[in-house]
Amino acid sequence: MASPAVLGRGNLQKLLLSYSGPAILAMMAMSVYNIIDSIFIGRGVGALALSGLAITMPIMNLSAAFGAMVGAGGATLTSIKMGQQDYDDATKVLGNVVSLNLILGFLLMFLGLYFIDELLYLFGASEDTIPYARDFMQIILLGNPITHLYLGLNNEIRASGYPQKAMRITLLTVVINAVLAPIFIFVFNWGIRGAALATVLAQTVALIIVLIHLANKENFLHFKRGSFRIIKRITGGILSIGMAPFTLHSCSCIIIILINNQLAKYGGDMSVGAYGIVNRLVMLFATIVMGLNQGMQPIAGFNYGAQIYSRVRKVLKLTIIYATIVMGFAFAVGEGIPRLLVQIFTNEEELISQSIIGLRMTVLLFPVVGFQMVASNFFQSIGKASTAVLLSASRQLLILIPLLAILPNYLGTLGVWVSMPISDGLATILSTFLLTKEMKKFRTLQDKPFSLEEKQK
């Protein structure tokens with residue numbers, strides 16, 4: 001049985017790597033699968049199908065926003081409660097994560113299916129791309145409750161001391177997905193629907209495994225009778241902490257809508273497809289930083305709850321260093337070999353050339369983006385929701401949206417691409433200011449002596 005005690009006394013570098021390593025591998029595997037899936041769709045269905053897939057990204061991000069609000073908020077609150085040795089509340093958090101995910105999952109499913117065409121046209125679909133986008137999203141939306149529950153509970157498994165198991169479950173979804181998608185697309189000729197069905201089936205299998213784990217009373221955190229009742233105090237804590245990732249994903253949804261519409265207006269369907277390719281490539285690196293953040297979250301949250309502030313500062317510093325290295329490498333690759341990366345998706349020269357321009361512009365300030373991502377997540381990890389929301393919203397809502405509304409009017413599609421590095425730079429300046437201010441407060445706080453008595457079952 002895993003115990004959270006190690007979070008308060010173990011070597012921080014080893015802890016960060018042991019917690020973030022599984023998350024990084026799992027998220028990178030998912031990112032790699034998304035790339036492979038796009039290759040299957042691009043080469044098995046066509047270039048317009050890639051553009052149709054890009055149109056679905058706002059709906060996917062909106063669904064992910066609600067899922068992250070519950071999943072990330074619940075995982076952070078669980079870590080803090082364990083640091084405070086409040087195991088009864090930690091169990092109630094788990095139960096409320098289940099209830100909230102089911103409510104939101106079904107609500108989004110019904111609303112999404114009812115308004116699907118209106119949403120897709122709003123998000124930049126054309127008469128040529130909407131059939132592909134509709135076929136894909138109908139299947140994904142039907143599986144939405146499964147997706148929400150699986151992702152939310154897998155976060156709870158990771159936060160309760162089982163990062164390796166959470167990783168293996170995620171990897172399993174990737175393997176199942178990668179096996180089923182080409183069969184459904186190329187053998188059964190189900191097209192883009194086949195890719196969506198493979199995703200939902202893989203997550204269904206993963207959810208069953210997650211439920212079995214959390215039903216096991218031998219595990220440190222598990223389901224208990226009565227814990228599924230919605231408790232205002234618990235749900236309030238989950239949603240307030242989860243507001244930062246919710247804001248991040250919601251802003252992403254708005255941003256993608258604007259990008260798709262501006263690219264469609266000034267460059268047509270191929271420009272929209274180029275953004276889909278660029279997004280999948282840069283997410284491969286961004287997910288590594290997201291994995292580092294997931295590894296930092298239980299460590300920072302636990303030690304903040306236990307009032308061991310020096311360990312909170314140290315794990316933050318380590319995470320920033322690793323994130324900067326990762327995004328610096330992404331910059332080098334994106335600027336150095338863009339054609340080699342882009343042409344694996346398609347042999348359509350127009351799509352390739354537009355994707356190269358987009359990739360080079362997007363990664364221009366990536367060496368500082370890692371710091372900004374970690375800073376935003378850090379405030380979420382210690383339960384400071386308002387600051388985390390501000391940092392999450394600053395890059396996209398406060399900076400990028402105005403740039404996307406103005407620059408394309410003068411620079412066309414290039415205006416869309418250059419908006420991204422400009423917003424990265426300005427958001428990093430704000431993050432530096434707020435994080436420096438918070439660290440000054442931390443240095444005035446004294447560590448509380450750590451002694452966590454193991455809970456006997």
# chains A, B, ... in the order shown; residues from 1 in each chain; ligands from 1
$ closest_atom_pairs --of "range 275-339 of chain A" --to "range 402-418 of chain A" --cutoff "12 Å" --atoms "only C-alpha atoms" --output "tab-separated table"
residue	atom	partner	partner_atom	distance
A:Tyr275	CA	A:Trp417	CA	9.2
A:Val278	CA	A:Trp417	CA	10.5
A:Asn279	CA	A:Trp417	CA	11.7
$ residues_around --residues "Met109 in chain A" --least-positions-apart "2" --cutoff "7 Å" --atoms "only C-alpha atoms" --output "list in words"
Gly105, Phe106, Leu107, Leu111, Gly112, Leu113, Leu141, Leu142 and Asn144 of chain A
$ write_last_selection --atoms "N, CA and C atoms" --output "CSV table (one decimal), in the first residue's frame"
chain,number,residue,atom,x,y,z
A,105,GLY,N,-20.2,15.4,-17.4
A,105,GLY,CA,-20.0,14.6,-18.6
A,105,GLY,C,-21.2,14.4,-19.4
A,106,PHE,N,-22.3,14.0,-18.7
A,106,PHE,CA,-23.6,13.8,-19.5
A,106,PHE,C,-24.2,15.1,-20.0
A,107,LEU,N,-24.0,16.2,-19.2
A,107,LEU,CA,-24.6,17.5,-19.6
A,107,LEU,C,-23.9,18.0,-20.9
A,111,LEU,N,-25.7,18.5,-24.7
A,111,LEU,CA,-25.7,19.8,-25.3
A,111,LEU,C,-24.8,19.8,-26.6
A,112,GLY,N,-23.7,19.1,-26.5
A,112,GLY,CA,-22.8,19.0,-27.7
A,112,GLY,C,-23.5,18.4,-28.9
A,113,LEU,N,-24.2,17.3,-28.6
A,113,LEU,CA,-24.9,16.5,-29.7
A,113,LEU,C,-26.0,17.4,-30.3
A,141,LEU,N,-18.4,12.7,-28.4
A,141,LEU,CA,-19.4,13.3,-27.5
A,141,LEU,C,-20.2,12.1,-26.8
A,142,LEU,N,-20.5,11.1,-27.5
A,142,LEU,CA,-21.2,10.0,-26.9
A,142,LEU,C,-20.4,9.3,-25.8
A,144,ASN,N,-18.3,11.0,-23.9
A,144,ASN,CA,-17.8,12.1,-23.0
A,144,ASN,C,-17.8,11.7,-21.5
$ residues_around --residues "range 252-269 of chain A" --least-positions-apart "2" --cutoff "8 Å" --atoms "only C-alpha atoms" --output "JSON, numbers by chain"
{"A": [48, 51, 55, 57, 58, 59, 61, 62, 122, 123, 124, 126, 129, 248, 249, 250, 271, 272, 273, 275, 396, 397, 400, 401, 404, 405, 408, 412, 413, 416]}
$ residues_around --residues "Gly52 in chain A" --least-positions-apart "5" --cutoff "8 Å" --atoms "only C-alpha atoms" --output "list in words"
Ala125, Thr129, Ile130, Pro131, Tyr132, Ala133 and Gly273 of chain A
$ closest_residue --among "A:Asn189, A:Pro245, A:Ile288, A:Leu104" --to "Gly21 in chain A" --atoms "only C-alpha atoms"
A:Ile288
$ atom_distance --atom1 "CA of Lys384 in chain A" --atom2 "CA of Met296 in chain A"
15.1 Å
$ residues_around --residues "range 365-380 of chain A" --least-positions-apart "3" --cutoff "9 Å" --atoms "only C-alpha atoms" --output "PyMOL selection string"
chain A and resi 72-73+76+241-245+286+289-290+292-294+296-297+300-301+316+319-331+361-362+383-392+420-422+424-425+427-432+434-435
